[in-house]
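**Q** Please see the structure below; I have some questions.
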Amino acid sequence: MLRWTRAWTLPYRGIGPSSSSFSRLPIAPSSSQGGTEPRPVPLSYKLLDGEAASPPLVFLHGLFGSKANFNSIAKALAQQTGRRVLTVDARNHGESPHSPDMSYEAMSKDLQDLLPQLGLVPCVLIGHSMGGRTAMLLALQRPELVERLIAVDISPVETTSSSNFPNYVAAMRAVDMANEASLSSARKLADERLRSVIQSASMRQFLLTNLVEVDGRFVWRLNLDALAQHLDKILDFPARQETYSGPTLFLRGGNSQFLPLSHYPEIRRLFPRAQMQTVPNASHWVHSDRPQDFMAAVQGFLA
């Protein structure tokens, strides 16, 4: 029987009847500054048990997401492969602590701290968007922790021109929910405010999963201040000279602009064994648009 285990969790009142309340958002101590090594924060995660003989699958979500984004896929792949599967909330997302440092170096350090603690190395690291860049950096910095790498619709090349994410952050920060009496009314207000900037109803609903109640107030569980401060860096990739020589798959959405052909030379410089694969009729959110094709691509790469 499959079983979810969790190292630590902060209950929160989120979306849906099964959620419970919490008194405050977790705040991590400030990370080291001035060029010193980032300080890891204790990430919230869910681990699905499986056989220890094969490298586990570790899923890293993208900007504005959470570990819940991969719940269904994690369960399906655990059943289909028999492997352990870990889903993780990045810092400043989901149930993980808030921190002023939102650099890829800090997010990589969080995983360098967590994965060996859980006995999940080497692992198959699967990251979407921001999570894909975190996965890439971890593989470059600590290749012994990564058996193979899958980057989903993202590359190690700057993507500002392809992204509306700065507008999303600004729109979310502008929503004032101080006078709302219930979570449903706060969600309705936020949806109305976001509609002028974000036409996609599915994208608004995705962002609204981050609206929670804290001490009787309705707030975004994302650390929007940290995201806004580091957004330029999140939409870029740290300059690196080392390479990762393990098996690597770059999986792109056929309808997405985040992974153009012009990025391939830099991909192959850093990841010389990289394979490229396209999922037709998928946007940037490949795993959400085409979950069966996504899982087939992952399993094909594991074979």
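We label chains A, B, ... in the order they appear in the structure tokens, count residues from 1 in each chain, and number ligands from 1 in the order shown.
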Assign secondary structure with DSSP using the backbone only, and return the residues of range 72-105 of chain A in alpha helix (DSSP H) as an MDAnalysis selection string.

**A** chainID A and resid 72:81 104:105

**Q** Enumerate, in order of chain and increasing residue number, the residues of range 99-174 of chain A with an atom no farther than 10 Å from range 273-292 of chain A, each with its shortest atom pair and distance in Å to one decimal, counting only C-alpha atoms, as a Markdown table.

**A**
| residue | atom | partner | partner_atom | distance |
| --- | --- | --- | --- | --- |
| A:His128 | CA | A:Trp285 | CA | 8.0 |
| A:Ser129 | CA | A:His284 | CA | 8.0 |
| A:Leu149 | CA | A:Ala274 | CA | 9.1 |
| A:Ile150 | CA | A:Ala274 | CA | 9.3 |
| A:Ala151 | CA | A:Met276 | CA | 9.9 |
| A:Val152 | CA | A:Val286 | CA | 7.4 |
| A:Asp153 | CA | A:His284 | CA | 6.0 |
| A:Ile154 | CA | A:His284 | CA | 8.6 |

**Q** Output as a ChimeraX atom specification all residues of range 158-246 of chain A that backbone DSSP marks as strand (DSSP E).

**A** /A:211-214,217-220

**Q** Go ahead and dump the residues you just picked, all heavy atoms, as a PDB file, in the first residue's frame.

**A**
ATOM      1  N   LEU A 211      -3.937  31.756  -1.650  1.00  0.00           N
ATOM      2  CA  LEU A 211      -4.648  32.662  -0.744  1.00  0.00           C
ATOM      3  C   LEU A 211      -5.088  31.880   0.498  1.00  0.00           C
ATOM      4  O   LEU A 211      -5.814  30.891   0.387  1.00  0.00           O
ATOM      5  CB  LEU A 211      -5.852  33.259  -1.457  1.00  0.00           C
ATOM      6  CG  LEU A 211      -6.632  34.356  -0.720  1.00  0.00           C
ATOM      7  CD1 LEU A 211      -5.729  35.516  -0.354  1.00  0.00           C
ATOM      8  CD2 LEU A 211      -7.788  34.836  -1.595  1.00  0.00           C
ATOM      9  N   VAL A 212      -4.633  32.312   1.675  1.00  0.00           N
ATOM     10  CA  VAL A 212      -4.907  31.582   2.917  1.00  0.00           C
ATOM     11  C   VAL A 212      -5.312  32.556   4.017  1.00  0.00           C
ATOM     12  O   VAL A 212      -5.171  33.775   3.880  1.00  0.00           O
ATOM     13  CB  VAL A 212      -3.671  30.772   3.373  1.00  0.00           C
ATOM     14  CG1 VAL A 212      -3.327  29.694   2.356  1.00  0.00           C
ATOM     15  CG2 VAL A 212      -2.475  31.691   3.617  1.00  0.00           C
ATOM     16  N   GLU A 213      -5.809  31.997   5.125  1.00  0.00           N
ATOM     17  CA  GLU A 213      -6.190  32.798   6.288  1.00  0.00           C
ATOM     18  C   GLU A 213      -5.127  32.675   7.369  1.00  0.00           C
ATOM     19  O   GLU A 213      -4.705  31.570   7.719  1.00  0.00           O
ATOM     20  CB  GLU A 213      -7.539  32.336   6.837  1.00  0.00           C
ATOM     21  CG  GLU A 213      -8.025  33.180   8.014  1.00  0.00           C
ATOM     22  CD  GLU A 213      -9.389  32.755   8.509  1.00  0.00           C
ATOM     23  OE1 GLU A 213     -10.044  31.933   7.825  1.00  0.00           O
ATOM     24  OE2 GLU A 213      -9.802  33.237   9.585  1.00  0.00           O
ATOM     25  N   VAL A 214      -4.687  33.790   7.906  1.00  0.00           N
ATOM     26  CA  VAL A 214      -3.703  33.831   8.984  1.00  0.00           C
ATOM     27  C   VAL A 214      -4.204  34.790  10.054  1.00  0.00           C
ATOM     28  O   VAL A 214      -4.374  35.983   9.796  1.00  0.00           O
ATOM     29  CB  VAL A 214      -2.320  34.306   8.475  1.00  0.00           C
ATOM     30  CG1 VAL A 214      -1.313  34.306   9.623  1.00  0.00           C
ATOM     31  CG2 VAL A 214      -1.824  33.426   7.346  1.00  0.00           C
ATOM     32  N   ARG A 217      -6.919  37.060   9.083  1.00  0.00           N
ATOM     33  CA  ARG A 217      -6.679  37.903   7.908  1.00  0.00           C
ATOM     34  C   ARG A 217      -6.436  37.012   6.703  1.00  0.00           C
ATOM     35  O   ARG A 217      -5.949  35.889   6.839  1.00  0.00           O
ATOM     36  CB  ARG A 217      -5.462  38.814   8.129  1.00  0.00           C
ATOM     37  CG  ARG A 217      -5.625  39.817   9.265  1.00  0.00           C
ATOM     38  CD  ARG A 217      -4.375  40.678   9.391  1.00  0.00           C
ATOM     39  NE  ARG A 217      -3.191  39.884   9.634  1.00  0.00           N
ATOM     40  CZ  ARG A 217      -2.192  39.750   8.773  1.00  0.00           C
ATOM     41  NH1 ARG A 217      -2.245  40.347   7.589  1.00  0.00           N
ATOM     42  NH2 ARG A 217      -1.138  39.020   9.082  1.00  0.00           N
ATOM     43  N   PHE A 218      -6.722  37.527   5.517  1.00  0.00           N
ATOM     44  CA  PHE A 218      -6.528  36.770   4.291  1.00  0.00           C
ATOM     45  C   PHE A 218      -5.310  37.322   3.564  1.00  0.00           C
ATOM     46  O   PHE A 218      -5.249  38.515   3.254  1.00  0.00           O
ATOM     47  CB  PHE A 218      -7.785  36.826   3.432  1.00  0.00           C
ATOM     48  CG  PHE A 218      -8.988  36.305   4.172  1.00  0.00           C
ATOM     49  CD1 PHE A 218      -9.934  37.186   4.697  1.00  0.00           C
ATOM     50  CD2 PHE A 218      -9.140  34.950   4.388  1.00  0.00           C
ATOM     51  CE1 PHE A 218     -11.023  36.703   5.402  1.00  0.00           C
ATOM     52  CE2 PHE A 218     -10.229  34.461   5.095  1.00  0.00           C
ATOM     53  CZ  PHE A 218     -11.163  35.340   5.611  1.00  0.00           C
ATOM     54  N   VAL A 219      -4.344  36.449   3.335  1.00  0.00           N
ATOM     55  CA  VAL A 219      -3.053  36.864   2.791  1.00  0.00           C
ATOM     56  C   VAL A 219      -2.583  35.829   1.771  1.00  0.00           C
ATOM     57  O   VAL A 219      -3.094  34.712   1.698  1.00  0.00           O
ATOM     58  CB  VAL A 219      -1.995  36.998   3.903  1.00  0.00           C
ATOM     59  CG1 VAL A 219      -2.389  38.065   4.920  1.00  0.00           C
ATOM     60  CG2 VAL A 219      -1.765  35.651   4.600  1.00  0.00           C
ATOM     61  N   TRP A 220      -1.595  36.235   0.985  1.00  0.00           N
ATOM     62  CA  TRP A 220      -0.924  35.295   0.091  1.00  0.00           C
ATOM     63  C   TRP A 220       0.124  34.533   0.897  1.00  0.00           C
ATOM     64  O   TRP A 220       0.926  35.142   1.587  1.00  0.00           O
ATOM     65  CB  TRP A 220      -0.252  36.038  -1.060  1.00  0.00           C
ATOM     66  CG  TRP A 220      -1.184  36.855  -1.896  1.00  0.00           C
ATOM     67  CD1 TRP A 220      -1.301  38.210  -1.909  1.00  0.00           C
ATOM     68  CD2 TRP A 220      -2.131  36.359  -2.841  1.00  0.00           C
ATOM     69  NE1 TRP A 220      -2.270  38.605  -2.795  1.00  0.00           N
ATOM     70  CE2 TRP A 220      -2.800  37.488  -3.402  1.00  0.00           C
ATOM     71  CE3 TRP A 220      -2.493  35.088  -3.290  1.00  0.00           C
ATOM     72  CZ2 TRP A 220      -3.792  37.369  -4.367  1.00  0.00           C
ATOM     73  CZ3 TRP A 220      -3.483  34.975  -4.259  1.00  0.00           C
ATOM     74  CH2 TRP A 220      -4.119  36.093  -4.784  1.00  0.00           C
TER      75      TRP A 220
END

**Q** Name all residues at most 8 Å from Ala228 in chain A (count only C-alpha atoms; drop same-chain ones fewer than 3 positions away) and give them as a VMD selection string.

**A** chain A and resid 166 169 to 170 224 to 225 231

**Q** What's around Ala90 in chain A at 8 Å? Count only C-alpha atoms, leave out sequence neighbours fewer than 6 positions away in its own chain, and write the answer as an NGL selection string.

**A** :A and (43-44 or 60-61 or 66 or 96 or 107)

**Q** Tell me, as a VMD selection string, which residues lie within 8 Å of Phe59 in chain A, counting only C-alpha atoms; anything in the same chain fewer than 3 positions away does not count.

**A** chain A and resid 67 70 85 to 88 125 to 127

**Q** Just want the 9 Å neighbourhood of Glu105 in chain A, counted on only C-alpha atoms, with same-chain residues fewer than 6 positions away dropped. Output as an mmCIF file with all heavy atoms, in the first residue's frame.

**A**
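As written to disk, result_7.cif reads:
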data_model
loop_
_atom_site.group_PDB
_atom_site.id
_atom_site.type_symbol
_atom_site.label_atom_id
_atom_site.label_comp_id
_atom_site.auth_asym_id
_atom_site.auth_seq_id
_atom_site.Cartn_x
_atom_site.Cartn_y
_atom_site.Cartn_z
ATOM 1 N N GLU A 37 28.030 31.658 2.058
ATOM 2 C CA GLU A 37 27.168 30.554 1.654
ATOM 3 C C GLU A 37 25.753 30.744 2.187
ATOM 4 O O GLU A 37 25.562 31.088 3.345
ATOM 5 C CB GLU A 37 27.763 29.244 2.170
ATOM 6 C CG GLU A 37 27.053 28.020 1.658
ATOM 7 C CD GLU A 37 27.808 26.751 1.990
ATOM 8 O OE1 GLU A 37 28.901 26.539 1.431
ATOM 9 O OE2 GLU A 37 27.304 25.983 2.824
ATOM 10 N N PRO A 38 24.732 30.502 1.347
ATOM 11 C CA PRO A 38 23.349 30.652 1.811
ATOM 12 C C PRO A 38 23.045 29.698 2.955
ATOM 13 O O PRO A 38 23.607 28.604 3.044
ATOM 14 C CB PRO A 38 22.518 30.300 0.569
ATOM 15 C CG PRO A 38 23.441 30.460 -0.584
ATOM 16 C CD PRO A 38 24.803 30.121 -0.067
ATOM 17 N N THR A 134 16.494 25.345 -10.399
ATOM 18 C CA THR A 134 17.079 24.884 -9.138
ATOM 19 C C THR A 134 17.707 23.509 -9.324
ATOM 20 O O THR A 134 18.821 23.245 -8.838
ATOM 21 C CB THR A 134 15.997 24.819 -8.047
ATOM 22 O OG1 THR A 134 15.403 26.106 -7.884
ATOM 23 C CG2 THR A 134 16.587 24.366 -6.719
ATOM 24 N N LEU A 137 21.013 23.808 -11.267
ATOM 25 C CA LEU A 137 22.114 24.326 -10.458
ATOM 26 C C LEU A 137 22.601 23.279 -9.470
ATOM 27 O O LEU A 137 23.811 23.103 -9.280
ATOM 28 C CB LEU A 137 21.670 25.591 -9.717
ATOM 29 C CG LEU A 137 22.769 26.267 -8.878
ATOM 30 C CD1 LEU A 137 23.959 26.669 -9.754
ATOM 31 C CD2 LEU A 137 22.218 27.478 -8.142
ATOM 32 N N LEU A 138 21.685 22.555 -8.839
ATOM 33 C CA LEU A 138 22.096 21.508 -7.905
ATOM 34 C C LEU A 138 22.921 20.450 -8.622
ATOM 35 O O LEU A 138 23.947 19.989 -8.097
ATOM 36 C CB LEU A 138 20.861 20.874 -7.264
ATOM 37 C CG LEU A 138 21.112 19.699 -6.323
ATOM 38 C CD1 LEU A 138 22.033 20.087 -5.182
ATOM 39 C CD2 LEU A 138 19.796 19.159 -5.779
ATOM 40 N N PRO A 238 22.166 31.482 -12.870
ATOM 41 C CA PRO A 238 23.516 31.891 -12.461
ATOM 42 C C PRO A 238 24.572 31.450 -13.470
ATOM 43 O O PRO A 238 24.489 30.352 -14.031
ATOM 44 C CB PRO A 238 23.708 31.160 -11.122
ATOM 45 C CG PRO A 238 22.339 30.814 -10.651
ATOM 46 C CD PRO A 238 21.509 30.606 -11.877
#

**Q** For range 139-148 of chain A, list every protein, DNA or RNA residue within 6 Å, evaluated using only C-alpha atoms, and leave out those in the same chain fewer than 2 positions away; present the list as a ChimeraX atom specification.

**A** /A:121-124,136-137,243-244,246-248

**Q** Hey, can you check how far CA of Ala297 in chain A sits from CA of Ser262 in chain A?

**A**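 Distance between the two atoms: 22.6 Å.
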